[in-house]
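Enquirer: My structure is in query.cif, and what it holds is mmCIF, C-alpha atoms:
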data_data
#
loop_
_atom_site.label_atom_id
_atom_site.label_comp_id
_atom_site.auth_asym_id
_atom_site.auth_seq_id
_atom_site.Cartn_x
_atom_site.Cartn_y
_atom_site.Cartn_z
CA MET A 62 16.75 -34.27 9.12
CA ASN A 63 19.43 -32.68 6.96
CA GLU A 64 20.74 -35.04 4.27
CA GLU A 65 24.39 -34.15 4.88
CA ILE A 66 24.10 -34.83 8.58
CA ALA A 67 22.38 -38.16 7.88
CA LYS A 68 25.26 -39.19 5.60
CA ILE A 69 27.80 -38.19 8.25
CA LEU A 70 25.96 -40.28 10.84
CA GLU A 71 25.88 -43.24 8.43
CA MET A 72 29.66 -42.91 7.90
CA LEU A 73 30.13 -42.79 11.67
CA GLU A 74 27.98 -45.88 12.11
CA ALA A 75 29.89 -47.74 9.37
CA GLY A 76 33.17 -46.87 11.09
CA LYS A 77 34.57 -44.83 8.22
CA ILE A 78 35.04 -41.77 10.51
CA ASP A 79 35.33 -41.37 14.26
CA ALA A 80 33.09 -39.27 16.55
CA ALA A 81 35.45 -36.27 16.61
CA GLU A 82 35.52 -36.09 12.80
CA ALA A 83 31.71 -36.47 12.64
CA GLU A 84 31.28 -33.64 15.14
CA LYS A 85 33.67 -31.45 13.18
CA LEU A 86 31.83 -32.13 9.90
CA ILE A 87 28.42 -31.41 11.45
CA ARG A 88 29.71 -28.17 12.96
CA THR A 89 31.13 -27.14 9.57
CA ILE A 90 27.79 -27.80 7.87
CA ASN A 91 25.90 -25.77 10.48
CA GLU A 92 28.37 -22.87 10.22
CA THR A 93 28.16 -22.69 6.41
CA LYS A 94 24.45 -21.95 6.51
CA LYS A 95 23.29 -18.46 5.47
CA PRO A 96 23.92 -15.67 7.97
CA GLY A 97 20.91 -15.19 10.19
CA GLU A 98 19.67 -18.73 9.55
CA ARG A 99 19.70 -20.60 12.79
CA ALA A 100 21.08 -24.11 12.98
CA ARG A 101 18.35 -26.72 13.16
CA PRO A 102 18.59 -29.27 15.92
CA ILE A 103 18.71 -32.87 14.80
CA CYS A 104 15.47 -33.86 16.55
CA PRO A 105 12.19 -32.71 14.98
CA ASN A 106 10.35 -29.93 16.79
CA PRO A 107 6.74 -29.37 15.71
CA PHE A 108 6.46 -26.18 17.79
CA ARG A 109 9.40 -24.66 15.93
CA ASP A 110 7.79 -25.56 12.63
CA ILE A 111 4.51 -23.96 13.70
CA GLU A 112 6.43 -20.89 14.86
CA ASP A 113 8.07 -20.66 11.42
CA LEU A 114 4.68 -20.93 9.73
CA PHE A 115 3.28 -18.14 11.89
CA ARG A 116 6.31 -16.03 11.08
CA ILE A 117 5.82 -16.62 7.32
CA PHE A 118 2.08 -15.87 7.46
CA GLY A 119 2.66 -12.83 9.66
CA ARG A 120 5.16 -11.42 7.17
CA ALA A 121 2.75 -12.05 4.31
CA ALA A 122 -0.09 -10.37 6.23
CA ARG A 123 2.06 -7.30 6.97
CA GLN A 124 3.04 -7.01 3.30
CA ALA A 125 -0.60 -7.32 2.21
CA ALA A 126 -1.61 -4.65 4.74
CA ARG A 127 1.06 -2.29 3.38
CA ARG A 128 -0.17 -2.91 -0.18
CA ARG A 129 -3.77 -2.20 0.85
CA SER A 130 -2.67 0.94 2.66
CA ARG A 131 -0.72 2.21 -0.35
CA TRP A 132 -3.71 1.48 -2.60
CA ALA A 133 -6.09 3.34 -0.26
CA VAL A 134 -3.79 6.37 -0.15
CA TRP A 135 -3.46 6.34 -3.95
CA ARG A 136 -7.25 6.05 -4.32
CA PHE A 137 -7.83 8.92 -1.87
CA TYR A 138 -5.48 11.29 -3.70
CA SER A 139 -6.87 10.18 -7.06
CA PHE A 140 -10.36 11.02 -5.82
CA LEU A 141 -9.20 14.42 -4.53
CA HIS A 142 -7.59 15.15 -7.88
CA TRP A 143 -10.77 14.19 -9.72
CA GLN A 144 -12.86 16.38 -7.38
CA GLU A 145 -10.53 19.34 -7.88
CA GLU A 146 -10.70 19.02 -11.67
CA ALA A 147 -14.50 18.88 -11.53
CA ARG A 148 -14.58 21.96 -9.26
CA ARG A 149 -12.34 23.89 -11.66
CA GLU A 150 -14.54 22.90 -14.60
CA ARG A 151 -17.64 24.11 -12.74
CA ALA A 152 -15.89 27.39 -11.93
CA ARG A 153 -15.01 27.81 -15.59
CA THR A 154 -18.40 26.94 -17.08
CA MET A 155 -21.04 27.89 -14.48
CA SER A 156 -22.23 31.16 -13.02
CA THR A 157 -22.07 31.76 -9.28
CA PHE A 158 -25.80 31.11 -8.91
CA GLU A 159 -25.51 27.83 -10.85
CA ARG A 160 -22.61 26.71 -8.68
CA VAL A 161 -24.54 27.56 -5.48
CA SER A 162 -27.53 25.63 -6.87
CA TYR A 163 -25.24 22.70 -7.68
CA VAL A 164 -23.81 22.69 -4.16
CA LEU A 165 -27.27 22.80 -2.61
CA ARG A 166 -28.64 20.09 -4.88
CA GLU A 167 -25.67 17.70 -4.98
CA ARG A 168 -23.89 18.25 -1.68
CA ALA A 169 -26.30 19.79 0.80
CA LEU A 170 -29.36 17.59 0.17
CA VAL A 171 -31.83 20.19 -1.07
CA ASP A 172 -34.50 18.46 -3.16
CA GLY A 173 -35.54 19.68 -6.56
CA ASN A 174 -33.85 20.57 -9.80
CA ASP A 175 -35.58 23.92 -10.18
CA ILE A 176 -33.83 25.99 -7.54
CA GLN A 177 -34.82 29.62 -7.92
CA PRO A 178 -33.17 32.70 -6.37
CA THR A 179 -36.05 32.95 -3.89
CA THR A 180 -35.86 29.27 -2.86
CA ARG A 181 -35.16 28.73 0.83
CA PHE A 182 -32.11 26.50 1.25
CA ARG A 183 -32.87 25.14 4.72
CA PRO A 184 -34.75 21.84 4.32
CA GLU A 185 -37.38 20.85 6.85
CA GLY A 186 -36.47 18.17 9.37
CA PHE A 187 -32.68 18.62 9.24
CA PRO A 188 -30.81 19.39 12.44
CA GLY A 189 -29.76 23.01 12.11
CA ALA A 190 -26.15 22.99 13.29
CA PHE A 191 -25.08 19.85 11.40
CA TYR A 192 -26.72 20.93 8.15
CA MET A 193 -25.38 24.47 8.36
CA ASP A 194 -21.85 23.33 9.14
CA THR A 195 -21.91 20.85 6.24
CA LEU A 196 -23.19 23.56 3.91
CA ARG A 197 -20.52 25.98 5.14
CA VAL A 198 -17.70 23.49 4.51
CA VAL A 199 -18.96 22.57 1.05
CA LEU A 200 -19.35 26.22 0.04
CA GLU A 201 -15.88 27.02 1.35
CA TYR A 202 -14.41 24.21 -0.73
CA GLU A 203 -16.38 25.03 -3.89
CA PHE A 204 -15.54 28.74 -3.88
CA GLY A 205 -12.20 28.73 -2.07
CA ILE A 206 -13.37 31.19 0.58
CA GLU A 207 -13.80 31.23 4.34
CA MET A 208 -17.33 31.69 5.54
CA PRO A 209 -18.13 32.19 9.22
CA ILE A 210 -21.10 30.15 10.38
CA VAL A 211 -22.69 33.37 11.72
CA ASP A 212 -22.82 34.84 8.21
CA LEU A 213 -24.35 31.65 6.82
CA SER A 214 -27.02 31.44 9.51
CA SER A 215 -28.20 34.98 8.70
CA MET A 216 -28.98 33.97 5.07
CA GLU A 217 -32.36 32.57 4.04
CA THR A 218 -32.56 32.22 0.26
CA VAL A 219 -30.33 30.94 -2.53
CA GLN A 220 -29.90 34.51 -3.77
CA ASP A 221 -28.50 35.47 -0.34
CA LEU A 222 -25.91 32.67 -0.69
CA ALA A 223 -25.00 33.67 -4.24
#
Written as structure tokens, how would this file's structure read?
Expert:
Amino acid sequence: MNEEIAKILEMLEAGKIDAAEAEKLIRTINETKKPGERARPICPNPFRDIEDLFRIFGRAARQAARRRSRWAVWRFYSFLHWQEEARRERARTMSTFERVSYVLRERALVDGNDIQPTTRFRPEGFPGAFYMDTLRVVLEYEFGIEMPIVDLSSMETVQDLA
């Protein structure tokens, strides 16, 4: 119970103030609370207290979710920036054949470090459409070009890609 209201009730009980004055004082105390803060009833209400706790925890959970979301977005764009810098560095330092070999080795799951111009780039056991579409997208990103899937499917060797 609010301390001020308890004192008012004690004064009423001692006969120092009458009921009308006590009511007026209690009303004044409740009205001077912060805007938006609801007046608390005199009797304890455990359900109200639980509701307040849920409200507090819900607000904290929403704030934490927003922080996690902002961090994930920052991490995503940081990763994209890092990838773009690496792509530019490869474009500056590698030949076209070396970049195609890099894409096949690192992104398109072709085994082996010794990729030759006559090496076939279609690994055994991979589903054709999924592998070819992945390879097409990675090549488009690496070289900044558009490549129709029909053109890619007509190629057989690494030299054809280069």
Enquirer: Do you have the CA of Ala223 (chain A)-CA of Met155 (chain A) distance handy?
Expert: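 For CA of Ala223 (chain A) relative to CA of Met155 (chain A), the distance reads 12.4 Å.
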Enquirer: Go through A:Asp212, A:Glu74, A:Glu167, A:Glu65 and flag the residue nearest Asp194 (chain A), using only C-alpha atoms for the distances.
Expert: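 Closest to Asp194 (chain A) of all the choices is A:Asp212.
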Enquirer: One decimal, Å: what's the distance from CA of Val199 (chain A) over to CA of Leu165 (chain A), could you say?
Expert: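 Computing it gives 9.1 Å between the two atoms.
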Enquirer: Please compute the CA of Arg109 (chain A)-CA of Asn91 (chain A) distance, one decimal, in Å.
Expert: 17.4 Å
Enquirer: Set the distance at 9 Å and use only C-alpha atoms: which residues neighbour region 146-154 of chain A once local chain neighbours fewer than 6 positions away are removed? I'd like the list as number ranges by chain.
Expert: A: 160, 202-204
Enquirer: My list of candidates is A:Ser162, A:Gln124, A:Thr89, A:Ser130. Which is closest to Leu200 (chain A) when distances are computed with all atoms listed in the file?
Expert: A:Ser162
